[in-house]
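Taking it in order: structure first as structure tokens, then the write-up.
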Amino acid sequence: MELFTVNRYTEDLKKPKDGIQDIANNEDEILQKLLQKAAKRKRKPKDSEVIENPAPEAVIPDKEEAKDTEEHVEPLEKPEETVEEKDVPSNEFQVLGGDGSATKKRKVEMQLPSWLAHPTIIEGGSLQPEEQVPASEAIDKLHYLNKSTCLALKQMKIQRLFPVQRQVIPWILEAHAKPAPFRPRDICVSAPTGSGKTLAFAIPIVQLLSQRVECKVRALVVLPVAELALQVFRVISSLCSKTELEVCLLSKQHKLEDEQEKLVELYKGKYYSKVDIVVTTPGRLVDHLHATKGFCLKNLKFLIIDEADRIMDAVFQNWLYHLDSHVKETTDQLLAGTQAPLCYAELQSSFGKQPHKLLFSATLSQDPEKLQNLRLFQPRLFTTVFTMPVVKDVTEENAEPETNSEMGQFVGKYTTPAELTEQFCVTELRLKPLTLFALVEKYQWKRFLCFTNSTDQATRLTNVLTTLFRKSTTKVAELSGNLSALVRNKTLASFVSGKLNGLICSDALARGIDVADIDVVLSYEAPRHIKTHIHRVGRTARAGRRGTAVTLLTEQDQAAFTKMLHDVGKAPGEEIHVSPDIEVQHSLDYKRALDKLRNYQQHEKTKKAVQKRRVANQALVHKKQIEGPDRPLTLMEKLQLKAGGAHQVDPFQKQKTKLRKVKPNSHPRETMKQKIAKSRKAIEK
Ligand SMILES: Nc1ncnc2c1ncn2[C@@H]1O[C@H](COP(=O)(O)OP(=O)(O)OP(=O)(O)O)[C@@H](O)[C@H]1O
């Protein structure tokens, strides 16, 4: 019981007394009082948590007494009564949870930091491409865009800016126009998929850097996957076409040495940057931070993190740490910066040294702890959606005037484009591939993406669908992490050019990929997280165009999927069906497809085993060459041999390894059970 007693005694300690003797006496007194109070509390637990006057003697209760007190523990009190602590005098002791006063406290509402709770709302506006552009909205009429930007945008066939761009671009430009020591606030932008976030950061950085004199890495754009990095690189390169700025893409799709050559040059013993803007993935960035001499981020002015919530995930853990330590090595500044408020002197000394951080996503994390890692400077949030205040009935008793404080719950992370139609189709697990095939045939979808929950599932599904579509004009291919970056690039290009009708993808491709005119996005399996769903369906209905998303569900999946959507205020949409006779209609084709898949899997299994054995043997031979033939096998080598196939005896170790020789036609050993059965049969005979 004492373990849970917290004794706070403050009053007497506050009064200073003269002399050591006095202090000692005082301590004795305090100790006596403490013991008395503890004893009294144990004797009368029901009376109150608070003891007004301590009893004169200190009594340490025996076990029997302690038992009694436990038996008489009061039932839990109502929360309203226990929350009250007003009457507790400051010099008294309070037992926390020791005597039944521990009650369930009211659930505390999550309090968002002010910047998340009070964002800047991105005002709506149509994205419809076919709509007439009002003269006032035309690109040349926007005073904040310079000539080269307007020219580049026209070349990209962009006639006006989308709402997120109209809000964010002038804000960034204005923030950078302010004189020293003003430092722009870092920003987070949460806007739906396909709403034009790329140009929202690309236009201002290109415009602000276009006046530079010397070439140095001044902007770093970080994206989660190579395909996305390539896409953003293309947009920024198009924008830079009318300027002298150099953009560079760093991703695993190229050789490191080739990229190093593009990045820096050595002249008279000194390294010079050849690029102004670097677009990269976290992994490749870390590679270059460690391997590329002269790659310097000392002059970094902008750090842009696209798909910020993904990049801040644990998967990409350490890139920020590496970046930070690299910047610390190359300069005395701290990339992560400090949080407000800064005094004038600090502002002045840090002016121009900290990069301006810009975070973008359609599902920006609401979790302040994750964003904390970036140590944003006086952050500001731009979002499209905002919950309305929950208006409580004013006639209600206890109606509080501060009800409006509920205003400002940022829900922008779950917005989908208005032009998106969501549907679902319920089917049996064993018929899922056939259902997918039947849906594509029924609705004549000519450009579709189909998402699976894993790369292996993507491979299997592609295999089955290829056989099923064999007689039709529809061509499908896999696009997952199982393939090399180069193959993925080629497949994506074939899809963009129309040579392929459908791509079977894993979720690595669910984010950011922008391919025009996708009819439908299919989820072969219900996504596990709402964020995944938002990004998957966001591959269609982009830039104001219409699109459909269909999720295939089994009866078991249905409840969980509906709940997941319901929790964020969404519905699964209309149910669509395929003919109940599909199994009969396509029985032969489906059987053939499944047989082919089985063969393929068997073939892959054998291939993997052979590969494994080859690697094990190679390792062994290599080791022998280094250490000589007479060395005994290590445990690891024995394991490798076992895994790689014991019948492949190491040529160097024939005489040493005591592998049991298996006779070619010998029968396997009989088990005890088989022996008993055999003898029983013999007796019966
Ligand atoms: N102002 C504009 N006018 C016409 N088209 C535009 C405009 N801005 C962007 N687009 C087009 O809209 C599409 C989507 O843009 P973008 O990829 O930037 O969206 P996003 O918001 O980043 O989407 P996601 O969250 O999925 O990454 C692109 O094809 C782009 O060319």
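To be explicit about the labels: the chains of the structure tokens are called A, B, and onward in the order shown, and within each one the residues are counted from 1, while ligands get numbers from 1 in the order they are shown.
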
From a DSSP calculation on the backbone, collect every residue of range 455-510 of chain A in helix (DSSP H, G or I) and output the set as a ChimeraX atom specification.
/A:455-471,485-497,507-509

Mind listing the residues within 9 Å of ligand 1, only C-alpha atoms and all ligand atoms counted, as an MDAnalysis selection string? chainID A and resid 127:129 153 156:166 190:200 228 231:232 235 306:307 360:363 510:516 535:536 538:540 542:544

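Backbone DSSP of range 218-274 of chain A yields strand (DSSP E) at Ala219, Leu220, Val221, Val222, Val247, Cys248, Leu249, Leu250, Val264, Glu265, Leu266, Tyr267, Lys270, Tyr271, Tyr272 and Ser273 of chain A.
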
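All residues of protein, DNA or RNA that reach within 7 Å of Thr383 in chain A, judged by only C-alpha atoms and not counting those fewer than 5 positions away in the chain, are Pro119, Thr120, Ile121, Ile122, Val189, Ser190, Ala191 and Gly412 of chain A.
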
Selection above as a file: all heavy atoms, as a PDB file, in the first residue's frame:
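This went into result_36.pdb:
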```pdb
ATOM      1  N   PRO A 119      -5.524  26.502 -39.089  1.00  0.00           N
ATOM      2  CA  PRO A 119      -4.809  26.588 -40.369  1.00  0.00           C
ATOM      3  C   PRO A 119      -5.351  27.681 -41.283  1.00  0.00           C
ATOM      4  O   PRO A 119      -6.399  28.264 -41.004  1.00  0.00           O
ATOM      5  CB  PRO A 119      -5.070  25.216 -40.989  1.00  0.00           C
ATOM      6  CG  PRO A 119      -6.368  24.785 -40.416  1.00  0.00           C
ATOM      7  CD  PRO A 119      -6.531  25.445 -39.091  1.00  0.00           C
ATOM      8  N   THR A 120      -4.625  27.906 -42.345  1.00  0.00           N
ATOM      9  CA  THR A 120      -5.118  28.789 -43.395  1.00  0.00           C
ATOM     10  C   THR A 120      -5.912  27.913 -44.358  1.00  0.00           C
ATOM     11  O   THR A 120      -5.387  26.916 -44.858  1.00  0.00           O
ATOM     12  CB  THR A 120      -3.931  29.426 -44.145  1.00  0.00           C
ATOM     13  OG1 THR A 120      -3.126  30.076 -43.184  1.00  0.00           O
ATOM     14  CG2 THR A 120      -4.391  30.405 -45.209  1.00  0.00           C
ATOM     15  N   ILE A 121      -7.149  28.276 -44.596  1.00  0.00           N
ATOM     16  CA  ILE A 121      -7.986  27.432 -45.450  1.00  0.00           C
ATOM     17  C   ILE A 121      -7.744  27.760 -46.918  1.00  0.00           C
ATOM     18  O   ILE A 121      -7.751  28.928 -47.310  1.00  0.00           O
ATOM     19  CB  ILE A 121      -9.480  27.643 -45.124  1.00  0.00           C
ATOM     20  CG1 ILE A 121      -9.732  27.436 -43.632  1.00  0.00           C
ATOM     21  CG2 ILE A 121     -10.364  26.732 -45.962  1.00  0.00           C
ATOM     22  CD1 ILE A 121      -9.432  26.061 -43.140  1.00  0.00           C
ATOM     23  N   ILE A 122      -7.526  26.712 -47.691  1.00  0.00           N
ATOM     24  CA  ILE A 122      -7.368  26.913 -49.129  1.00  0.00           C
ATOM     25  C   ILE A 122      -8.768  26.990 -49.716  1.00  0.00           C
ATOM     26  O   ILE A 122      -9.519  26.011 -49.669  1.00  0.00           O
ATOM     27  CB  ILE A 122      -6.571  25.749 -49.755  1.00  0.00           C
ATOM     28  CG1 ILE A 122      -5.161  25.710 -49.161  1.00  0.00           C
ATOM     29  CG2 ILE A 122      -6.521  25.878 -51.268  1.00  0.00           C
ATOM     30  CD1 ILE A 122      -4.397  24.455 -49.460  1.00  0.00           C
ATOM     31  N   VAL A 189       1.479  21.796 -46.233  1.00  0.00           N
ATOM     32  CA  VAL A 189       0.319  21.937 -47.114  1.00  0.00           C
ATOM     33  C   VAL A 189      -0.381  20.588 -47.243  1.00  0.00           C
ATOM     34  O   VAL A 189       0.235  19.596 -47.631  1.00  0.00           O
ATOM     35  CB  VAL A 189       0.738  22.458 -48.509  1.00  0.00           C
ATOM     36  CG1 VAL A 189      -0.477  22.592 -49.416  1.00  0.00           C
ATOM     37  CG2 VAL A 189       1.464  23.783 -48.383  1.00  0.00           C
ATOM     38  N   SER A 190      -1.651  20.558 -46.892  1.00  0.00           N
ATOM     39  CA  SER A 190      -2.429  19.331 -47.014  1.00  0.00           C
ATOM     40  C   SER A 190      -3.569  19.590 -47.984  1.00  0.00           C
ATOM     41  O   SER A 190      -4.502  20.323 -47.668  1.00  0.00           O
ATOM     42  CB  SER A 190      -2.966  18.937 -45.642  1.00  0.00           C
ATOM     43  OG  SER A 190      -3.716  17.764 -45.758  1.00  0.00           O
ATOM     44  N   ALA A 191      -3.468  19.028 -49.170  1.00  0.00           N
ATOM     45  CA  ALA A 191      -4.512  19.228 -50.188  1.00  0.00           C
ATOM     46  C   ALA A 191      -4.749  17.901 -50.901  1.00  0.00           C
ATOM     47  O   ALA A 191      -3.840  17.060 -50.950  1.00  0.00           O
ATOM     48  CB  ALA A 191      -4.064  20.290 -51.180  1.00  0.00           C
ATOM     49  N   GLY A 412      -8.010  17.817 -42.853  1.00  0.00           N
ATOM     50  CA  GLY A 412      -7.610  17.881 -44.253  1.00  0.00           C
ATOM     51  C   GLY A 412      -6.961  16.614 -44.758  1.00  0.00           C
ATOM     52  O   GLY A 412      -6.895  16.359 -45.944  1.00  0.00           O
TER      53      GLY A 412
END
```

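Candidate residues A:Thr548, A:Gln601, A:Thr606, A:Thr280 were compared for distance to Glu419 in chain A, and the nearest is A:Thr548, using only C-alpha atoms.
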
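Nearest-residue note for Val247 in chain A: choosing from A:Trp445, A:Phe233, A:Trp171, A:Tyr267, the minimum distance belongs to A:Phe233, counting only C-alpha atoms.
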
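Proximity to Ser484 in chain A at 10 Å, evaluated using only C-alpha atoms and with sequence-adjacent residues fewer than 5 positions away removed, yields Lys252, Gln253, Leu479 and Asn489 of chain A.
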
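Atom pair CA of Asn482 in chain A / CA of Ala616 in chain A: separated by 22.7 Å.
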
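Residue nearest Thr243 in chain A within the list A:Val213, A:Leu323, A:Val222, A:Ala508: A:Val213 [criterion: smallest interatomic distance, only C-alpha atoms].
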
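If you measure from each of A:Ala226, A:Lys268, A:Lys638, A:Arg598 to Arg488 in chain A using only C-alpha atoms, the closest one turns out to be A:Ala226.
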
A straight line from CA of Val426 in chain A to CA of Phe495 in chain A spans 28.0 Å

Would you write out, as JSON lines, a table of all residues in range 115-204 of chain A that have an atom no more than 12 Å from an atom of range 283-302 of chain A, listing for each the closest atom pair and the distance in Å to one decimal, considering only C-alpha atoms and ordering rows by chain and rising residue number?
```
{"residue": "A:Ile172", "atom": "CA", "partner": "A:Phe302", "partner_atom": "CA", "distance": 11.0}
{"residue": "A:His176", "atom": "CA", "partner": "A:Lys301", "partner_atom": "CA", "distance": 10.5}
{"residue": "A:Arg183", "atom": "CA", "partner": "A:Lys301", "partner_atom": "CA", "distance": 11.2}
{"residue": "A:Pro184", "atom": "CA", "partner": "A:Phe302", "partner_atom": "CA", "distance": 10.8}
{"residue": "A:Arg185", "atom": "CA", "partner": "A:Phe302", "partner_atom": "CA", "distance": 11.9}
{"residue": "A:Asp186", "atom": "CA", "partner": "A:Phe302", "partner_atom": "CA", "distance": 9.9}
{"residue": "A:Ile187", "atom": "CA", "partner": "A:Phe302", "partner_atom": "CA", "distance": 11.3}
{"residue": "A:Phe201", "atom": "CA", "partner": "A:Phe302", "partner_atom": "CA", "distance": 9.9}
{"residue": "A:Ala202", "atom": "CA", "partner": "A:Phe302", "partner_atom": "CA", "distance": 10.8}
{"residue": "A:Pro204", "atom": "CA", "partner": "A:Phe302", "partner_atom": "CA", "distance": 10.4}
```

(message) Report as a ChimeraX atom specification all protein, DNA and RNA residues lying within 8 Å of range 148-150 of chain A, evaluated on only C-alpha atoms, omitting residues in the same chain fewer than 5 positions from it.
(response) /A:139-140,203,207,239,242-243

(message) Applying 9 Å and only C-alpha atoms, which residues near Lys596 in chain A remain after dropping the ones on its own chain fewer than 3 positions away? List them as a list of chain:residue names.
(response) A:Asn463, A:Val464, A:Thr467, A:Lys591, A:Arg592, A:Ala593, A:Asn599, A:Tyr600, A:Gln601

Counting only C-alpha atoms, the residue among A:His586, A:Lys608, A:Lys675, A:Lys216 that lies closest to Tyr272 in chain A is A:Lys216
